[in-house]
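Written below as structure tokens is the structure these notes are about.
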Amino acid sequence: MEMRLDYMKVQPESFQTLFKLEGYVKKSGLDHNLLELIKIRASQINGCAFCLDMHTKDALAMGETTHRLFLLNAWREAPFYTEAERAALALTEAVTKISDAGVPQELYEQVRQHFDEGQYVNLIMAINAINSWNRMAISTAMVPGGYQPAVRK
């Protein structure tokens, strides 16, 4: 597989725009491990190998277990996720596949049991961010494998 083009060099402002959104999400107050689960789940749905490579490595570097990562695609059947994580993962799936059924009221209420209004908006921003990254990576054929997570302090 060969990358089609390096969008970061061709249009650096496009990368900076997404990076600014990512910065907002990182500062949102949402749990960083939860954010990695959201990124991985959306990337699984979208089939983004580059982002799956990156975010599974980041999650492991943050202390996530391989067990939870291996079973993330089947989170509904696995007992290893909190109710709040389950709500966020369900929202991730609904927003990523928004044209299927939107975000049903029942799901909104489920998520709101664990997250306040501001956190709900921040979850949506996080889901939108990873979906944007996925679409850039897939459209430009970014090649997985070379990413190394930053050393955590």
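Chain identifiers are assigned as A, B, and so on, following the order in which chains appear in the structure tokens; residues are numbered from 1 within each chain, and ligands are numbered from 1 in order of appearance.
With only C-alpha atoms taken into account, the protein and nucleic acid residues at most 7 Å from stretch 77-90 of chain A (excluding it and anything under 6 positions from it in its own chain) are Leu34, Ile38, Arg68, Leu71, Gln110, Val111 and His114 of chain A.
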Check your understanding: What's the 12 Å shell around A:Phe15, counting only C-alpha atoms, without same-chain residues fewer than 4 positions away, as a list in words?
Key -> Asp6, Tyr7, Met8, Lys9, Val10, Gln11, Phe19, Lys20, Leu21, Glu22, Ala129, Ser132, Trp133, Met136 and Ala137 of chain A
Could you take the residues named above and write them with C-alpha atoms, as a CSV table (one decimal), in the first residue's frame?
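The result, stored in result24.csv:
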```
chain,number,residue,atom,x,y,z
A,6,ASP,CA,0.5,13.8,2.2
A,7,TYR,CA,-2.3,16.2,2.9
A,8,MET,CA,-0.4,17.7,5.8
A,9,LYS,CA,2.2,19.0,3.3
A,10,VAL,CA,-0.2,19.7,0.4
A,11,GLN,CA,-2.6,21.7,2.6
A,19,PHE,CA,-5.4,19.4,15.2
A,20,LYS,CA,-7.2,22.4,16.8
A,21,LEU,CA,-10.4,20.3,17.1
A,22,GLU,CA,-8.3,17.5,18.6
A,129,ALA,CA,-13.1,14.6,15.4
A,132,SER,CA,-12.9,13.5,10.3
A,133,TRP,CA,-9.4,12.0,11.0
A,136,MET,CA,-8.7,12.1,5.8
A,137,ALA,CA,-6.6,9.0,6.5
```
Revision key, fill the gap. Restricting to only C-alpha atoms, whichever of A:Asn46, A:Ile40, A:Leu91, A:Glu13 is closest to A:Val103 is A:Leu91
Quick one: DSSP alpha helix (DSSP H) residues in chain A, as an mmCIF file with N, CA and C atoms, in the first residue's frame?
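Contents of states05.cif, freshly written:
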```cif
data_model
loop_
_atom_site.group_PDB
_atom_site.id
_atom_site.type_symbol
_atom_site.label_atom_id
_atom_site.label_comp_id
_atom_site.auth_asym_id
_atom_site.auth_seq_id
_atom_site.Cartn_x
_atom_site.Cartn_y
_atom_site.Cartn_z
ATOM 1 N N TYR A 7 -1.483 15.005 2.830
ATOM 2 C CA TYR A 7 -2.348 16.180 2.934
ATOM 3 C C TYR A 7 -1.777 17.222 3.890
ATOM 4 N N MET A 8 -0.960 16.794 4.844
ATOM 5 C CA MET A 8 -0.359 17.735 5.793
ATOM 6 C C MET A 8 0.642 18.655 5.099
ATOM 7 N N LYS A 9 1.262 18.173 4.030
ATOM 8 C CA LYS A 9 2.194 19.003 3.255
ATOM 9 C C LYS A 9 1.453 19.768 2.162
ATOM 10 N N VAL A 10 0.502 19.113 1.526
ATOM 11 C CA VAL A 10 -0.232 19.735 0.427
ATOM 12 C C VAL A 10 -1.097 20.897 0.924
ATOM 13 N N PRO A 12 -1.350 22.292 4.639
ATOM 14 C CA PRO A 12 -1.048 22.261 6.073
ATOM 15 C C PRO A 12 -2.179 22.823 6.942
ATOM 16 N N GLU A 13 -2.927 23.769 6.411
ATOM 17 C CA GLU A 13 -4.019 24.366 7.183
ATOM 18 C C GLU A 13 -5.116 23.340 7.476
ATOM 19 N N SER A 14 -5.293 22.367 6.596
ATOM 20 C CA SER A 14 -6.288 21.322 6.844
ATOM 21 C C SER A 14 -5.896 20.513 8.076
ATOM 22 N N PHE A 15 -4.614 20.172 8.180
ATOM 23 C CA PHE A 15 -4.122 19.438 9.340
ATOM 24 C C PHE A 15 -4.256 20.288 10.597
ATOM 25 N N GLN A 16 -3.883 21.549 10.514
ATOM 26 C CA GLN A 16 -3.962 22.433 11.682
ATOM 27 C C GLN A 16 -5.409 22.601 12.155
ATOM 28 N N THR A 17 -6.347 22.623 11.223
ATOM 29 C CA THR A 17 -7.761 22.746 11.587
ATOM 30 C C THR A 17 -8.210 21.526 12.385
ATOM 31 N N LEU A 18 -7.871 20.335 11.888
ATOM 32 C CA LEU A 18 -8.228 19.116 12.624
ATOM 33 C C LEU A 18 -7.466 19.029 13.943
ATOM 34 N N PHE A 19 -6.226 19.459 13.946
ATOM 35 C CA PHE A 19 -5.415 19.411 15.160
ATOM 36 C C PHE A 19 -5.991 20.346 16.229
ATOM 37 N N LYS A 20 -6.546 21.472 15.809
ATOM 38 C CA LYS A 20 -7.191 22.402 16.750
ATOM 39 C C LYS A 20 -8.427 21.742 17.369
ATOM 40 N N LEU A 21 -9.215 21.054 16.563
ATOM 41 C CA LEU A 21 -10.374 20.330 17.080
ATOM 42 C C LEU A 21 -9.919 19.259 18.069
ATOM 43 N N GLU A 22 -8.855 18.542 17.724
ATOM 44 C CA GLU A 22 -8.301 17.518 18.613
ATOM 45 C C GLU A 22 -7.855 18.133 19.932
ATOM 46 N N GLY A 23 -7.263 19.326 19.871
ATOM 47 C CA GLY A 23 -6.846 20.027 21.086
ATOM 48 C C GLY A 23 -8.031 20.364 21.973
ATOM 49 N N TYR A 24 -9.115 20.810 21.349
ATOM 50 C CA TYR A 24 -10.341 21.092 22.105
ATOM 51 C C TYR A 24 -10.811 19.832 22.832
ATOM 52 N N VAL A 25 -10.842 18.719 22.118
ATOM 53 C CA VAL A 25 -11.319 17.461 22.695
ATOM 54 C C VAL A 25 -10.425 17.035 23.860
ATOM 55 N N LYS A 26 -9.117 17.142 23.688
ATOM 56 C CA LYS A 26 -8.184 16.746 24.746
ATOM 57 C C LYS A 26 -8.367 17.576 26.010
ATOM 58 N N HIS A 32 -9.327 10.486 29.276
ATOM 59 C CA HIS A 32 -8.496 10.215 28.093
ATOM 60 C C HIS A 32 -8.564 8.751 27.660
ATOM 61 N N ASN A 33 -8.728 7.835 28.590
ATOM 62 C CA ASN A 33 -8.892 6.426 28.203
ATOM 63 C C ASN A 33 -10.208 6.230 27.457
ATOM 64 N N LEU A 34 -11.265 6.900 27.920
ATOM 65 C CA LEU A 34 -12.551 6.832 27.226
ATOM 66 C C LEU A 34 -12.415 7.412 25.821
ATOM 67 N N LEU A 35 -11.696 8.508 25.687
ATOM 68 C CA LEU A 35 -11.507 9.103 24.361
ATOM 69 C C LEU A 35 -10.813 8.129 23.411
ATOM 70 N N GLU A 36 -9.847 7.368 23.923
ATOM 71 C CA GLU A 36 -9.177 6.381 23.064
ATOM 72 C C GLU A 36 -10.143 5.272 22.654
ATOM 73 N N LEU A 37 -11.003 4.833 23.566
ATOM 74 C CA LEU A 37 -12.004 3.812 23.204
ATOM 75 C C LEU A 37 -12.925 4.336 22.113
ATOM 76 N N ILE A 38 -13.335 5.588 22.233
ATOM 77 C CA ILE A 38 -14.191 6.212 21.214
ATOM 78 C C ILE A 38 -13.459 6.239 19.869
ATOM 79 N N LYS A 39 -12.198 6.646 19.887
ATOM 80 C CA LYS A 39 -11.422 6.730 18.645
ATOM 81 C C LYS A 39 -11.264 5.354 17.997
ATOM 82 N N ILE A 40 -10.999 4.368 18.818
ATOM 83 C CA ILE A 40 -10.815 3.018 18.278
ATOM 84 C C ILE A 40 -12.129 2.481 17.721
ATOM 85 N N ARG A 41 -13.218 2.663 18.462
ATOM 86 C CA ARG A 41 -14.507 2.111 17.997
ATOM 87 C C ARG A 41 -14.942 2.767 16.692
ATOM 88 N N ALA A 42 -14.840 4.080 16.599
ATOM 89 C CA ALA A 42 -15.215 4.756 15.350
ATOM 90 C C ALA A 42 -14.312 4.292 14.207
ATOM 91 N N SER A 43 -13.031 4.129 14.490
ATOM 92 C CA SER A 43 -12.090 3.694 13.453
ATOM 93 C C SER A 43 -12.361 2.265 13.015
ATOM 94 N N GLN A 44 -12.833 1.413 13.932
ATOM 95 C CA GLN A 44 -13.247 0.059 13.548
ATOM 96 C C GLN A 44 -14.414 0.130 12.581
ATOM 97 N N ILE A 45 -15.403 0.936 12.902
ATOM 98 C CA ILE A 45 -16.597 1.059 12.056
ATOM 99 C C ILE A 45 -16.212 1.586 10.675
ATOM 100 N N ASN A 46 -15.337 2.586 10.655
ATOM 101 C CA ASN A 46 -14.950 3.219 9.391
ATOM 102 C C ASN A 46 -13.884 2.439 8.625
ATOM 103 N N ALA A 49 -7.398 1.766 9.100
ATOM 104 C CA ALA A 49 -6.248 1.033 9.632
ATOM 105 C C ALA A 49 -5.223 1.978 10.259
ATOM 106 N N PHE A 50 -4.981 3.128 9.640
ATOM 107 C CA PHE A 50 -4.004 4.067 10.185
ATOM 108 C C PHE A 50 -4.405 4.512 11.587
ATOM 109 N N CYS A 51 -5.656 4.898 11.757
ATOM 110 C CA CYS A 51 -6.123 5.377 13.067
ATOM 111 C C CYS A 51 -6.219 4.235 14.079
ATOM 112 N N LEU A 52 -6.580 3.050 13.635
ATOM 113 C CA LEU A 52 -6.586 1.896 14.549
ATOM 114 C C LEU A 52 -5.184 1.616 15.061
ATOM 115 N N ASP A 53 -4.205 1.665 14.184
ATOM 116 C CA ASP A 53 -2.823 1.464 14.584
ATOM 117 C C ASP A 53 -2.424 2.514 15.626
ATOM 118 N N MET A 54 -2.714 3.771 15.341
ATOM 119 C CA MET A 54 -2.325 4.866 16.224
ATOM 120 C C MET A 54 -3.008 4.768 17.587
ATOM 121 N N HIS A 55 -4.311 4.606 17.584
ATOM 122 C CA HIS A 55 -5.053 4.723 18.841
ATOM 123 C C HIS A 55 -4.994 3.469 19.708
ATOM 124 N N THR A 56 -4.780 2.313 19.106
ATOM 125 C CA THR A 56 -4.543 1.144 19.956
ATOM 126 C C THR A 56 -3.186 1.277 20.638
ATOM 127 N N LYS A 57 -2.190 1.786 19.928
ATOM 128 C CA LYS A 57 -0.881 2.014 20.538
ATOM 129 C C LYS A 57 -0.970 3.061 21.646
ATOM 130 N N ASP A 58 -1.704 4.144 21.380
ATOM 131 C CA ASP A 58 -1.876 5.173 22.408
ATOM 132 C C ASP A 58 -2.596 4.619 23.630
ATOM 133 N N ALA A 59 -3.647 3.837 23.402
ATOM 134 C CA ALA A 59 -4.406 3.262 24.515
ATOM 135 C C ALA A 59 -3.522 2.350 25.366
ATOM 136 N N LEU A 60 -2.736 1.519 24.719
ATOM 137 C CA LEU A 60 -1.825 0.637 25.457
ATOM 138 C C LEU A 60 -0.804 1.452 26.246
ATOM 139 N N ALA A 61 -0.292 2.514 25.652
ATOM 140 C CA ALA A 61 0.676 3.367 26.335
ATOM 141 C C ALA A 61 0.050 4.058 27.548
ATOM 142 N N THR A 66 -4.989 -5.142 26.861
ATOM 143 C CA THR A 66 -5.195 -5.759 25.557
ATOM 144 C C THR A 66 -6.548 -6.463 25.520
ATOM 145 N N HIS A 67 -6.952 -7.005 26.648
ATOM 146 C CA HIS A 67 -8.220 -7.728 26.721
ATOM 147 C C HIS A 67 -9.380 -6.826 26.292
ATOM 148 N N ARG A 68 -9.434 -5.623 26.851
ATOM 149 C CA ARG A 68 -10.521 -4.696 26.502
ATOM 150 C C ARG A 68 -10.404 -4.225 25.063
ATOM 151 N N LEU A 69 -9.196 -4.043 24.578
ATOM 152 C CA LEU A 69 -9.022 -3.620 23.190
ATOM 153 C C LEU A 69 -9.434 -4.714 22.217
ATOM 154 N N PHE A 70 -9.060 -5.959 22.522
ATOM 155 C CA PHE A 70 -9.417 -7.073 21.644
ATOM 156 C C PHE A 70 -10.926 -7.259 21.544
ATOM 157 N N GLU A 83 -20.775 1.184 32.647
ATOM 158 C CA GLU A 83 -22.023 1.661 32.042
ATOM 159 C C GLU A 83 -21.804 2.990 31.308
ATOM 160 N N ALA A 84 -20.966 3.845 31.853
ATOM 161 C CA ALA A 84 -20.664 5.111 31.187
ATOM 162 C C ALA A 84 -19.936 4.854 29.858
ATOM 163 N N GLU A 85 -18.981 3.931 29.863
ATOM 164 C CA GLU A 85 -18.282 3.585 28.623
ATOM 165 C C GLU A 85 -19.257 3.001 27.611
ATOM 166 N N ARG A 86 -20.150 2.156 28.055
ATOM 167 C CA ARG A 86 -21.146 1.566 27.154
ATOM 168 C C ARG A 86 -22.015 2.643 26.512
ATOM 169 N N ALA A 87 -22.422 3.606 27.305
ATOM 170 C CA ALA A 87 -23.239 4.701 26.778
ATOM 171 C C ALA A 87 -22.453 5.495 25.735
ATOM 172 N N ALA A 88 -21.189 5.788 26.036
ATOM 173 C CA ALA A 88 -20.360 6.551 25.104
ATOM 174 C C ALA A 88 -20.086 5.749 23.828
ATOM 175 N N LEU A 89 -19.883 4.453 23.958
ATOM 176 C CA LEU A 89 -19.653 3.618 22.775
ATOM 177 C C LEU A 89 -20.905 3.527 21.907
ATOM 178 N N ALA A 90 -22.065 3.420 22.540
ATOM 179 C CA ALA A 90 -23.316 3.401 21.779
ATOM 180 C C ALA A 90 -23.509 4.729 21.040
ATOM 181 N N LEU A 91 -23.189 5.831 21.711
ATOM 182 C CA LEU A 91 -23.280 7.137 21.057
ATOM 183 C C LEU A 91 -22.275 7.229 19.906
ATOM 184 N N THR A 92 -21.084 6.709 20.111
ATOM 185 C CA THR A 92 -20.070 6.698 19.055
ATOM 186 C C THR A 92 -20.593 5.987 17.814
ATOM 187 N N GLU A 93 -21.202 4.846 18.015
ATOM 188 C CA GLU A 93 -21.746 4.095 16.881
ATOM 189 C C GLU A 93 -22.875 4.864 16.205
ATOM 190 N N ALA A 94 -23.757 5.458 16.993
ATOM 191 C CA ALA A 94 -24.899 6.181 16.415
ATOM 192 C C ALA A 94 -24.442 7.399 15.623
ATOM 193 N N VAL A 95 -23.514 8.168 16.178
ATOM 194 C CA VAL A 95 -23.057 9.370 15.486
ATOM 195 C C VAL A 95 -22.210 9.000 14.265
ATOM 196 N N THR A 96 -21.380 7.979 14.374
ATOM 197 C CA THR A 96 -20.554 7.543 13.241
ATOM 198 C C THR A 96 -21.433 7.053 12.090
ATOM 199 N N ILE A 98 -24.651 7.974 11.535
ATOM 200 C CA ILE A 98 -25.786 8.868 11.789
ATOM 201 C C ILE A 98 -26.930 8.673 10.791
ATOM 202 N N SER A 99 -26.626 8.307 9.555
ATOM 203 C CA SER A 99 -27.692 8.166 8.556
ATOM 204 C C SER A 99 -28.545 6.918 8.779
ATOM 205 N N ASP A 100 -28.069 5.978 9.596
ATOM 206 C CA ASP A 100 -28.853 4.762 9.857
ATOM 207 C C ASP A 100 -30.119 5.047 10.660
ATOM 208 N N ALA A 101 -29.973 5.765 11.766
ATOM 209 C CA ALA A 101 -31.136 5.998 12.631
ATOM 210 C C ALA A 101 -31.007 7.268 13.463
ATOM 211 N N GLN A 105 -33.841 9.101 20.984
ATOM 212 C CA GLN A 105 -34.073 9.721 22.289
ATOM 213 C C GLN A 105 -33.647 8.797 23.427
ATOM 214 N N GLU A 106 -33.923 7.517 23.303
ATOM 215 C CA GLU A 106 -33.541 6.551 24.338
ATOM 216 C C GLU A 106 -32.031 6.532 24.554
ATOM 217 N N LEU A 107 -31.281 6.609 23.483
ATOM 218 C CA LEU A 107 -29.828 6.638 23.598
ATOM 219 C C LEU A 107 -29.370 7.945 24.240
ATOM 220 N N TYR A 108 -29.964 9.052 23.821
ATOM 221 C CA TYR A 108 -29.642 10.343 24.434
ATOM 222 C C TYR A 108 -29.845 10.271 25.949
ATOM 223 N N GLU A 109 -30.959 9.725 26.366
ATOM 224 C CA GLU A 109 -31.254 9.617 27.801
ATOM 225 C C GLU A 109 -30.277 8.689 28.509
ATOM 226 N N GLN A 110 -29.886 7.611 27.852
ATOM 227 C CA GLN A 110 -28.903 6.682 28.424
ATOM 228 C C GLN A 110 -27.566 7.400 28.637
ATOM 229 N N VAL A 111 -27.136 8.141 27.637
ATOM 230 C CA VAL A 111 -25.859 8.859 27.742
ATOM 231 C C VAL A 111 -25.945 9.917 28.832
ATOM 232 N N ARG A 112 -27.066 10.622 28.908
ATOM 233 C CA ARG A 112 -27.224 11.694 29.894
ATOM 234 C C ARG A 112 -27.278 11.181 31.332
ATOM 235 N N GLU A 117 -24.787 17.917 30.220
ATOM 236 C CA GLU A 117 -24.994 18.502 28.894
ATOM 237 C C GLU A 117 -23.682 18.866 28.206
ATOM 238 N N GLY A 118 -22.782 19.505 28.954
ATOM 239 C CA GLY A 118 -21.497 19.891 28.383
ATOM 240 C C GLY A 118 -20.681 18.686 27.963
ATOM 241 N N GLN A 119 -20.679 17.656 28.782
ATOM 242 C CA GLN A 119 -19.958 16.430 28.446
ATOM 243 C C GLN A 119 -20.573 15.749 27.233
ATOM 244 N N TYR A 120 -21.900 15.812 27.117
ATOM 245 C CA TYR A 120 -22.573 15.247 25.949
ATOM 246 C C TYR A 120 -22.088 15.936 24.671
ATOM 247 N N VAL A 121 -22.033 17.260 24.705
ATOM 248 C CA VAL A 121 -21.536 18.006 23.543
ATOM 249 C C VAL A 121 -20.085 17.625 23.267
ATOM 250 N N ASN A 122 -19.282 17.504 24.319
ATOM 251 C CA ASN A 122 -17.874 17.141 24.136
ATOM 252 C C ASN A 122 -17.707 15.729 23.577
ATOM 253 N N LEU A 123 -18.574 14.818 23.968
ATOM 254 C CA LEU A 123 -18.554 13.475 23.375
ATOM 255 C C LEU A 123 -18.817 13.552 21.872
ATOM 256 N N ILE A 124 -19.807 14.348 21.491
ATOM 257 C CA ILE A 124 -20.122 14.499 20.070
ATOM 258 C C ILE A 124 -18.930 15.115 19.328
ATOM 259 N N MET A 125 -18.286 16.101 19.938
ATOM 260 C CA MET A 125 -17.109 16.712 19.310
ATOM 261 C C MET A 125 -15.992 15.685 19.149
ATOM 262 N N ALA A 126 -15.789 14.838 20.155
ATOM 263 C CA ALA A 126 -14.757 13.794 20.074
ATOM 264 C C ALA A 126 -15.071 12.806 18.952
ATOM 265 N N ILE A 127 -16.326 12.421 18.850
ATOM 266 C CA ILE A 127 -16.747 11.479 17.804
ATOM 267 C C ILE A 127 -16.596 12.124 16.426
ATOM 268 N N ASN A 128 -16.980 13.385 16.307
ATOM 269 C CA ASN A 128 -16.813 14.090 15.035
ATOM 270 C C ASN A 128 -15.339 14.211 14.662
ATOM 271 N N ALA A 129 -14.493 14.476 15.654
ATOM 272 C CA ALA A 129 -13.059 14.622 15.378
ATOM 273 C C ALA A 129 -12.480 13.338 14.802
ATOM 274 N N ILE A 130 -12.717 12.212 15.452
ATOM 275 C CA ILE A 130 -12.123 10.970 14.952
ATOM 276 C C ILE A 130 -12.715 10.575 13.604
ATOM 277 N N ASN A 131 -13.990 10.850 13.399
ATOM 278 C CA ASN A 131 -14.564 10.563 12.087
ATOM 279 C C ASN A 131 -13.911 11.418 11.005
ATOM 280 N N SER A 132 -13.578 12.654 11.307
ATOM 281 C CA SER A 132 -12.867 13.507 10.348
ATOM 282 C C SER A 132 -11.462 12.978 10.082
ATOM 283 N N TRP A 133 -10.743 12.620 11.149
ATOM 284 C CA TRP A 133 -9.408 12.041 10.967
ATOM 285 C C TRP A 133 -9.482 10.768 10.124
ATOM 286 N N ASN A 134 -10.463 9.907 10.416
ATOM 287 C CA ASN A 134 -10.624 8.668 9.650
ATOM 288 C C ASN A 134 -10.811 8.971 8.172
ATOM 289 N N ARG A 135 -11.644 9.921 7.877
ATOM 290 C CA ARG A 135 -11.945 10.225 6.486
ATOM 291 C C ARG A 135 -10.725 10.798 5.755
ATOM 292 N N MET A 136 -9.931 11.603 6.446
ATOM 293 C CA MET A 136 -8.694 12.107 5.832
ATOM 294 C C MET A 136 -7.707 10.964 5.608
ATOM 295 N N ALA A 137 -7.535 10.103 6.608
ATOM 296 C CA ALA A 137 -6.569 9.006 6.497
ATOM 297 C C ALA A 137 -6.963 8.015 5.406
ATOM 298 N N ILE A 138 -8.231 7.669 5.344
ATOM 299 C CA ILE A 138 -8.694 6.710 4.335
ATOM 300 C C ILE A 138 -8.625 7.320 2.938
ATOM 301 N N SER A 139 -9.064 8.566 2.791
ATOM 302 C CA SER A 139 -9.100 9.217 1.476
ATOM 303 C C SER A 139 -7.715 9.449 0.888
#
```
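For the residues A:Lys27, A:Arg4, A:Lys97, A:Arg76, ranking by smallest atom-to-atom distance to A:Thr140 using only C-alpha atoms places A:Arg4 first.
Going from atom CA of A:Leu30 to atom CA of A:Met62 covers 14.5 Å.
Atom pair atom CA of A:Leu72 / atom CA of A:Phe115 has a distance of 20.7 Å (rounded to one decimal).
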